[in-house]
Amino acid sequence: MFRRKRSASDFNAEIEAHIRLETERLKEQGLSEENARAAARRAFGNVTQAQEQFYDSGRWLWFDHLSKDLRFAFRTLRKSPGFTFVTVATLAVAIGANAVVFSALNAFLLRPLNVPQSESLYGLQLGGGHHGALSYPTYVDFRDRNRSFDGLAVYQMTRVGLDTGKNPTRAWLYEVSGNYFDVLKLQPHLGRFFHSSDEHGAGSAPYIVLSYAYWHGHFQGDARLLGRRVDVNKRPYTIIGVAPPEFRGTFLLLSPDFFVPMVSFEDQETLNRRAGWWIFETIGHLKQGVTPGQAAAELNAIGDDLQKTYPKEMGKMNVSLARAGLYGDTFGRPIRGFVAALMLLAGLILLAACANLGSLFAARAADRSREIAVRLALGSSRMRILRQLFTEALVISLTGGAVGILGGAMLLRRLMAWNPFPQFPTNVPLHPDANVYILAALLAFVSGILFGAVPVKQVLHTDPYEIVKSGSVTKVGRRITFREALVAVQIAICALLVTSSMVAVRGLMRSLHSDFGFAPREVILADTDLAMAGYPDAAVPPMQKRMIAAIETIPGVTAVGLANCPPLAGCGASRTSIFTDETSDLTPANVAASPMTYQISPEFFVAAGTPLLAGRAFTWHDDKNAPRVAVVNETFARRIFGSQANALGRYYKSWNGTRMQVVGIVKDGKYASLTEEPQPAMFYPLLQSPSSQSFLMVRSESDPRRLAGAIRRGVRDLDAGLPVFIQTWPEAMDFFLFGSRMATASLAVLGALGAILSITGIFGISAYSVSKRLRELGIRMALGAQSKEVLGAALGRAIRLLAFGSAAGLLLGILAGRVLASIVYQATSRDPLVLTGVVLTMALLGLMATWIPAQRALSIDPARLLREE
Amino acid sequence: MSTQEDKERLELLQGTLDLLILRTLIFRPQHGQGIARAIRQTSEEELLVEHGALYPALQRLEGRGWISAKWGTSSHNRKARFYSLTTAGRKQLGKETTKWKRLATAIGRILESAGS
């Protein structure tokens, strides 16, 4: 039932009617009209009070006040755009940062995998250093004998060559058990999945299920693709289905392009071998009511039994379960720790922002102490005034929150699209979902209440008589307040971050132009794997020679080298142990060194631009029939033979005891990372130590893009089915710069956040100081003080805080430079440019933060001020 | 004339005004001034109701759905807002009356025993 809301005029009409009725009654008793009316009014008592009580009881009152408060808040905020902008921007940044970090938290921790009932999906972790890995027969035993899981599936990630008929490409696949999709309870987006029933031993079930993204990106979502024959590593497969769009594999850090049954991909020997740990991870849904502990106990019992049956092949198993998605604790723990730390940091940033905005609000309330006093004197309740201030705070915080989440969502979209390593497609859905929006709204609301609450005490203790009588009460303490200390700390941290990020940027700039022991610029790397393309071992070296010869004929090419994996190319170069020539007992204890090991073609050093210091490089005559030879670097020569001169022509023993003669010495280089200390490296001729992984290194001054096309054509002319991955060497080195780039970027982002906090902090303190001392400043001006002195009086404290904080931060920054040097190559804080830059930046921040209060202090008109107060 | 007498009249106890209003409306709808007059007359001029306090109380009772209101014409052919008891109000009156009687009896007993 709806009751119509009663209007105030209706209520007033009733009161009027009452008084008329009462007047008439009294008149009947013999009073005059005038007396009767007066008596009726007297009997009624306070009409206004009754009206007010009626008004207060109305339910719309709340909305009425709210809309009035809102209008008033918007009006006052429009009147001070500087204040509004600073506060909204600060909150937008702080809440945006929280939203972005929380999205990461959400993606990694709260909704791990996009599969049905992901909460009961667990992965097996096997103790003893081999993480989740199993051999295939052990997996089959686990799968068939356990009673804890609704099926167990395995998957293994492999990089393959995919030939769809026109352009052979490299792709990532998951080799999976036949039951994989059934265990995950997934339905195909298109076509069908393969099942356990399709498996009939090695080589059976040559079916491909494409991921939705790959189907969309490479086949334009063409449904006629089903049934098409494609080649995976030169073996025929049939495309039978497409996985659902939201499914991107079961390992968050690598999403596959497609899925094939493990039995179709591996040979019989691999599938039958009980020893070995090659399968990446085993996953399954726990049955209802089974705890992870019970399941692990059961698997361990099966493991013990297997160990008894196959004592030679299997060791002791120590299975535990972890939520699927991040490969147990191996990746899960550091990622969770990192994200949690980020979240903490973002929370602290928001808190600091609230503290700063709180002091800004206190300054504002102090500014308005006269207005508040007048309102109190006129009978406004303190609650009402506080409500007004809170409304203002909430308008700011909610606007800031809205701007923050919008900015955050945009940033997240950019982050999603950004794939730092094109070779490794990641799989982290960072979309902000309802949780993120709710959190942002909540944070905005809570922070509004938090900083809105700062001036509460001030308002509650306002004494209208004092303020109206004597103007704002000036009490400037000499002591450093908590608020000031907080701002000083923020400034120090900001200066530290600014220093560090400048040091990092300078180091990064230098590291791009430093000496790597080779000259990566003007070199293009063409990466192929001949085994992947089905070449038997014997056919590999001739093909490599043919490729080099073909590329050499391209106009503009000055040198072509080939290596199993060039230094700093992100392809996982290996180290092997060596022994001195005198060592006869080849045990691990006697290992002389573990140098980086490269298998190279004769032209390698020319193509790489590595100077040969002594001796000779290889020729094609250094083959299986010739004596075994090696080229080593300076550090190798020094460490094994004492000196460079001593090394040439001498011998050492390889890991298996083969005697190697040193025929050349090359300059030291960077091999595994940019920040490493010089380390030994050795080079073997391709024909004596073959490798199917082949990086063609093409040195040329012509346009890399045109050259890439020519290289691709040259390789295709030799073998149309050979996938080639082409990038410039500096592009490949991005992998090694990633750490320092990320560190630099994070420092820059944190520095920017710190700068914003410092600005609001200084702004708050100086604004507060100016508004508290307006009268004093006015008197000073009236007595003839110059602008400089006025500014000194108004902002001296804020500027001293800035100077003190900056100095402390700069000092810390210089000390932190050492830590930074381990991440960013050639980072040093003893750099005049950095020091100047930091001082300038901090000064600029100070200028920006004190600009508005300074303008205000300077624009004081003493005559008007003294008249008013 | 009413002013001098007012001082000798009893002030209403807190919470009793609602009960009195409901009781007054039990026989027929009445407007505010009529309710005030009825309370005074029925209590044989003992109880004082400040007319101004009556209206917020009426507003409250209406808000709870115990009485409903309608503009009508008084016996003097004046426009007035008439209040009548709703079913819920009747029930509430029964409850309140019982409560009040028990309270009055209890207090009466205490006072009597103290007096003897």
# chains A, B, ... in the order shown; residues from 1 in each chain; ligands from 1
$ residues_around --residues "region 65-74 of chain B" --least-positions-apart "2" --cutoff "9 Å" --atoms "only C-alpha atoms" --output "count of residues only"
30
$ closest_atom_pairs --of "chain B" --to "chain A" --cutoff "6 Å" --atoms "only C-alpha atoms" --output "CSV"
residue,atom,partner,partner_atom,distance
B:Gln33,CA,A:His18,CA,5.3
B:Glu50,CA,A:Phe44,CA,5.9
B:His51,CA,A:Phe44,CA,4.2
B:Gly52,CA,A:Phe44,CA,4.6
B:Pro56,CA,A:Phe54,CA,5.8
B:Ala80,CA,A:Ala17,CA,5.8
$ select_by_dssp --residues "region 536-740 of chain A" --states "strand (DSSP E)" --output "PyMOL selection string"
chain A and resi 557-563+574-575+579-580+596-600+612-615+629-633+651-653+659-666+681-685+693-700+725-728
$ write_last_selection --atoms "C-alpha atoms" --output "mmCIF file, in the first residue's frame"
data_model
loop_
_atom_site.group_PDB
_atom_site.id
_atom_site.type_symbol
_atom_site.label_atom_id
_atom_site.label_comp_id
_atom_site.auth_asym_id
_atom_site.auth_seq_id
_atom_site.Cartn_x
_atom_site.Cartn_y
_atom_site.Cartn_z
ATOM 1 C CA VAL A 557 74.951 -9.059 -46.887
ATOM 2 C CA THR A 558 78.518 -8.750 -45.643
ATOM 3 C CA ALA A 559 78.816 -11.873 -43.508
ATOM 4 C CA VAL A 560 76.735 -14.903 -42.579
ATOM 5 C CA GLY A 561 77.479 -16.950 -39.506
ATOM 6 C CA LEU A 562 75.610 -19.807 -37.903
ATOM 7 C CA ALA A 563 75.461 -20.874 -34.282
ATOM 8 C CA SER A 574 74.401 -24.140 -22.296
ATOM 9 C CA ARG A 575 77.473 -24.607 -20.173
ATOM 10 C CA PHE A 579 88.980 -30.508 -17.210
ATOM 11 C CA THR A 580 92.604 -29.533 -17.478
ATOM 12 C CA MET A 596 79.500 -21.176 -21.893
ATOM 13 C CA THR A 597 79.554 -23.450 -24.930
ATOM 14 C CA TYR A 598 78.755 -22.454 -28.488
ATOM 15 C CA GLN A 599 78.715 -24.498 -31.683
ATOM 16 C CA ILE A 600 79.544 -22.194 -34.561
ATOM 17 C CA LEU A 612 89.886 -12.523 -32.864
ATOM 18 C CA LEU A 613 92.840 -11.695 -30.597
ATOM 19 C CA ALA A 614 95.185 -14.544 -31.450
ATOM 20 C CA GLY A 615 95.326 -17.729 -33.491
ATOM 21 C CA VAL A 629 89.772 -27.863 -31.886
ATOM 22 C CA ALA A 630 88.282 -25.011 -29.892
ATOM 23 C CA VAL A 631 88.343 -21.235 -29.769
ATOM 24 C CA VAL A 632 88.218 -19.777 -26.265
ATOM 25 C CA ASN A 633 87.792 -16.308 -24.829
ATOM 26 C CA TYR A 651 95.008 -28.705 -24.777
ATOM 27 C CA TYR A 652 92.180 -29.223 -22.302
ATOM 28 C CA LYS A 653 89.700 -32.065 -21.841
ATOM 29 C CA ARG A 659 91.337 -33.591 -25.806
ATOM 30 C CA MET A 660 90.652 -30.190 -27.312
ATOM 31 C CA GLN A 661 93.318 -27.980 -28.804
ATOM 32 C CA VAL A 662 92.946 -24.220 -28.435
ATOM 33 C CA VAL A 663 93.484 -22.719 -31.875
ATOM 34 C CA GLY A 664 92.163 -19.207 -31.334
ATOM 35 C CA ILE A 665 91.434 -16.652 -28.660
ATOM 36 C CA VAL A 666 88.640 -14.089 -28.899
ATOM 37 C CA ALA A 681 83.378 -19.250 -22.977
ATOM 38 C CA MET A 682 84.443 -21.745 -25.627
ATOM 39 C CA PHE A 683 83.448 -22.257 -29.245
ATOM 40 C CA TYR A 684 83.380 -25.563 -31.164
ATOM 41 C CA PRO A 685 83.158 -26.033 -34.926
ATOM 42 C CA GLN A 693 69.050 -25.705 -33.690
ATOM 43 C CA SER A 694 70.446 -23.164 -36.153
ATOM 44 C CA PHE A 695 70.598 -19.419 -35.780
ATOM 45 C CA LEU A 696 71.678 -17.785 -39.002
ATOM 46 C CA MET A 697 73.425 -14.515 -38.178
ATOM 47 C CA VAL A 698 73.259 -12.160 -41.113
ATOM 48 C CA ARG A 699 75.304 -8.976 -41.016
ATOM 49 C CA SER A 700 74.185 -6.305 -43.424
ATOM 50 C CA PHE A 725 61.686 -16.983 -36.903
ATOM 51 C CA ILE A 726 63.410 -13.721 -37.818
ATOM 52 C CA GLN A 727 64.326 -10.831 -35.561
ATOM 53 C CA THR A 728 67.209 -8.426 -35.210
#
$ atom_distance --atom1 "CA of Pro311 (chain A)" --atom2 "CA of Asp141 (chain A)"
15.3 Å
$ atom_distance --atom1 "CA of Ile107 (chain B)" --atom2 "CA of Ser43 (chain B)"
19.6 Å
$ residues_around --residues "region 122-125 of chain A" --least-positions-apart "5" --cutoff "6 Å" --atoms "only C-alpha atoms" --output "ChimeraX atom specification"
/A:131-132,282-284,319-324
$ write_last_selection --atoms "C-alpha atoms" --output "short mmCIF file (atom, residue, chain, number, x, y, z; two decimals), in the first residue's frame"
data_model
loop_
_atom_site.label_atom_id
_atom_site.label_comp_id
_atom_site.auth_asym_id
_atom_site.auth_seq_id
_atom_site.Cartn_x
_atom_site.Cartn_y
_atom_site.Cartn_z
CA HIS A 131 58.45 -30.33 -9.51
CA GLY A 132 55.37 -31.65 -11.29
CA THR A 282 49.43 -33.76 -13.92
CA ILE A 283 46.08 -32.24 -13.06
CA GLY A 284 42.63 -33.40 -12.05
CA VAL A 319 53.45 -36.02 -3.81
CA SER A 320 51.58 -32.97 -2.63
CA LEU A 321 48.75 -31.05 -4.28
CA ALA A 322 48.55 -27.41 -5.22
CA ARG A 323 45.93 -25.37 -7.01
CA ALA A 324 46.35 -25.73 -10.76
#
$ select_by_dssp --residues "chain B" --states "alpha helix (DSSP H)" --output "PyMOL selection string"
chain B and resi 2-6+16-24+32-42+51-64+87-115
$ atom_distance --atom1 "CA of Trp278 (chain A)" --atom2 "CA of Leu173 (chain A)"
15.2 Å
$ residues_around --residues "region 147-153 of chain A" --least-positions-apart "4" --cutoff "9 Å" --atoms "only C-alpha atoms" --output "ChimeraX atom specification"
/A:139-140,142-143,176-184,281-288,290-292,294-296,298-299
$ write_last_selection --atoms "N, CA and C atoms" --output "JSON list (two decimals), in the first residue's frame"
[["chain", "number", "residue", "atom", "x", "y", "z"],
["A", 139, "TYR", "N", 52.38, -41.90, -14.94],
["A", 139, "TYR", "CA", 51.12, -41.18, -15.05],
["A", 139, "TYR", "C", 49.96, -42.15, -15.24],
["A", 140, "VAL", "N", 50.15, -43.12, -16.17],
["A", 140, "VAL", "CA", 49.07, -44.06, -16.45],
["A", 140, "VAL", "C", 48.71, -44.83, -15.18],
["A", 142, "PHE", "N", 49.12, -43.83, -12.03],
["A", 142, "PHE", "CA", 48.41, -42.89, -11.15],
["A", 142, "PHE", "C", 46.96, -42.73, -11.61],
["A", 143, "ARG", "N", 46.80, -42.56, -12.93],
["A", 143, "ARG", "CA", 45.47, -42.29, -13.48],
["A", 143, "ARG", "C", 44.53, -43.47, -13.21],
["A", 176, "VAL", "N", 48.77, -33.43, -24.83],
["A", 176, "VAL", "CA", 47.95, -33.73, -23.66],
["A", 176, "VAL", "C", 47.49, -35.18, -23.70],
["A", 177, "SER", "N", 47.08, -35.68, -22.52],
["A", 177, "SER", "CA", 46.51, -37.02, -22.50],
["A", 177, "SER", "C", 45.15, -36.95, -23.18],
["A", 178, "GLY", "N", 44.68, -38.09, -23.69],
["A", 178, "GLY", "CA", 43.44, -38.11, -24.45],
["A", 178, "GLY", "C", 42.25, -37.61, -23.65],
["A", 179, "ASN", "N", 42.31, -37.78, -22.32],
["A", 179, "ASN", "CA", 41.17, -37.41, -21.49],
["A", 179, "ASN", "C", 41.21, -35.95, -21.06],
["A", 180, "TYR", "N", 42.22, -35.20, -21.53],
["A", 180, "TYR", "CA", 42.47, -33.83, -21.05],
["A", 180, "TYR", "C", 41.21, -32.97, -21.00],
["A", 181, "PHE", "N", 40.53, -32.86, -22.15],
["A", 181, "PHE", "CA", 39.35, -31.98, -22.19],
["A", 181, "PHE", "C", 38.20, -32.54, -21.34],
["A", 182, "ASP", "N", 38.12, -33.88, -21.29],
["A", 182, "ASP", "CA", 37.05, -34.48, -20.50],
["A", 182, "ASP", "C", 37.29, -34.26, -19.01],
["A", 183, "VAL", "N", 38.56, -34.38, -18.59],
["A", 183, "VAL", "CA", 38.88, -34.14, -17.18],
["A", 183, "VAL", "C", 38.56, -32.70, -16.81],
["A", 184, "LEU", "N", 38.83, -31.78, -17.74],
["A", 184, "LEU", "CA", 38.57, -30.36, -17.46],
["A", 184, "LEU", "C", 37.10, -29.98, -17.63],
["A", 281, "GLU", "N", 53.04, -31.42, -16.17],
["A", 281, "GLU", "CA", 52.18, -31.38, -14.99],
["A", 281, "GLU", "C", 51.01, -32.33, -15.13],
["A", 282, "THR", "N", 50.59, -32.88, -13.98],
["A", 282, "THR", "CA", 49.43, -33.76, -13.92],
["A", 282, "THR", "C", 48.34, -33.03, -13.14],
["A", 283, "ILE", "N", 47.15, -32.99, -13.73],
["A", 283, "ILE", "CA", 46.08, -32.24, -13.06],
["A", 283, "ILE", "C", 44.80, -33.06, -13.02],
["A", 284, "GLY", "N", 43.92, -32.72, -12.11],
["A", 284, "GLY", "CA", 42.63, -33.40, -12.05],
["A", 284, "GLY", "C", 41.72, -32.76, -11.02],
["A", 285, "HIS", "N", 40.43, -33.00, -11.18],
["A", 285, "HIS", "CA", 39.45, -32.52, -10.20],
["A", 285, "HIS", "C", 39.37, -33.52, -9.06],
["A", 286, "LEU", "N", 39.48, -33.03, -7.83],
["A", 286, "LEU", "CA", 39.28, -33.90, -6.68],
["A", 286, "LEU", "C", 37.82, -34.31, -6.63],
["A", 287, "LYS", "N", 37.58, -35.58, -6.23],
["A", 287, "LYS", "CA", 36.20, -36.00, -6.07],
["A", 287, "LYS", "C", 35.58, -35.28, -4.88],
["A", 288, "GLN", "N", 34.27, -35.18, -4.90],
["A", 288, "GLN", "CA", 33.56, -34.51, -3.81],
["A", 288, "GLN", "C", 33.92, -35.14, -2.47],
["A", 290, "VAL", "N", 36.78, -35.35, -0.97],
["A", 290, "VAL", "CA", 38.15, -35.79, -0.79],
["A", 290, "VAL", "C", 39.02, -34.56, -0.55],
["A", 291, "THR", "N", 39.81, -34.57, 0.52],
["A", 291, "THR", "CA", 40.68, -33.42, 0.77],
["A", 291, "THR", "C", 41.99, -33.61, 0.00],
["A", 292, "PRO", "N", 42.69, -32.50, -0.28],
["A", 292, "PRO", "CA", 43.98, -32.62, -0.98],
["A", 292, "PRO", "C", 44.94, -33.52, -0.23],
["A", 294, "GLN", "N", 44.23, -36.16, 1.69],
["A", 294, "GLN", "CA", 43.89, -37.57, 1.48],
["A", 294, "GLN", "C", 44.34, -38.04, 0.11],
["A", 295, "ALA", "N", 44.09, -37.19, -0.90],
["A", 295, "ALA", "CA", 44.47, -37.55, -2.26],
["A", 295, "ALA", "C", 45.98, -37.74, -2.37],
["A", 296, "ALA", "N", 46.72, -36.80, -1.74],
["A", 296, "ALA", "CA", 48.18, -36.91, -1.80],
["A", 296, "ALA", "C", 48.64, -38.18, -1.13],
["A", 298, "GLU", "N", 47.03, -40.97, -0.87],
["A", 298, "GLU", "CA", 46.74, -42.11, -1.74],
["A", 298, "GLU", "C", 47.77, -42.22, -2.86],
["A", 299, "LEU", "N", 48.09, -41.06, -3.49],
["A", 299, "LEU", "CA", 49.06, -41.08, -4.58],
["A", 299, "LEU", "C", 50.43, -41.54, -4.07]]
$ residues_around --residues "Ser692 (chain A)" --least-positions-apart "2" --cutoff "7 Å" --atoms "only C-alpha atoms" --output "list in words"
Asp529, Leu530, Ala531, Val540, Pro690 and Ser694 of chain A
$ write_last_selection --atoms "N, CA and C atoms" --output "PDB file, in the first residue's frame"
ATOM      1  N   ASP A 529      64.957 -24.700 -36.601  1.00  0.00           N
ATOM      2  CA  ASP A 529      65.380 -25.945 -35.971  1.00  0.00           C
ATOM      3  C   ASP A 529      65.175 -27.062 -36.981  1.00  0.00           C
ATOM      4  N   LEU A 530      66.265 -27.647 -37.409  1.00  0.00           N
ATOM      5  CA  LEU A 530      66.173 -28.622 -38.488  1.00  0.00           C
ATOM      6  C   LEU A 530      65.551 -29.926 -38.010  1.00  0.00           C
ATOM      7  N   ALA A 531      65.728 -30.268 -36.720  1.00  0.00           N
ATOM      8  CA  ALA A 531      65.105 -31.490 -36.202  1.00  0.00           C
ATOM      9  C   ALA A 531      63.592 -31.330 -36.217  1.00  0.00           C
ATOM     10  N   VAL A 540      71.722 -32.668 -41.303  1.00  0.00           N
ATOM     11  CA  VAL A 540      71.722 -31.319 -40.724  1.00  0.00           C
ATOM     12  C   VAL A 540      72.886 -30.450 -41.236  1.00  0.00           C
ATOM     13  N   PRO A 690      77.852 -31.065 -33.884  1.00  0.00           N
ATOM     14  CA  PRO A 690      76.685 -30.561 -34.627  1.00  0.00           C
ATOM     15  C   PRO A 690      75.517 -30.146 -33.726  1.00  0.00           C
ATOM     16  N   SER A 694      69.551 -23.954 -35.322  1.00  0.00           N
ATOM     17  CA  SER A 694      70.446 -23.164 -36.153  1.00  0.00           C
ATOM     18  C   SER A 694      69.998 -21.714 -36.190  1.00  0.00           C
TER      19      SER A 694
END
$ residues_around --residues "Ile396 (chain A)" --least-positions-apart "2" --cutoff "10 Å" --atoms "only C-alpha atoms" --output "ChimeraX atom specification"
/A:73-74,77,84-85,87-89,91-92,390-394,398-402,444-445,447-448,452
$ residues_around --residues "region 95-105 of chain B" --least-positions-apart "5" --cutoff "12 Å" --atoms "only C-alpha atoms" --output "list in words"
Leu13, Gly15, Thr16, Leu17, Asp18, Leu19, Leu20, Ile21, Leu22, Arg23, Ala88, Gly89, Arg90, Ile110, Leu111 and Glu112 of chain B
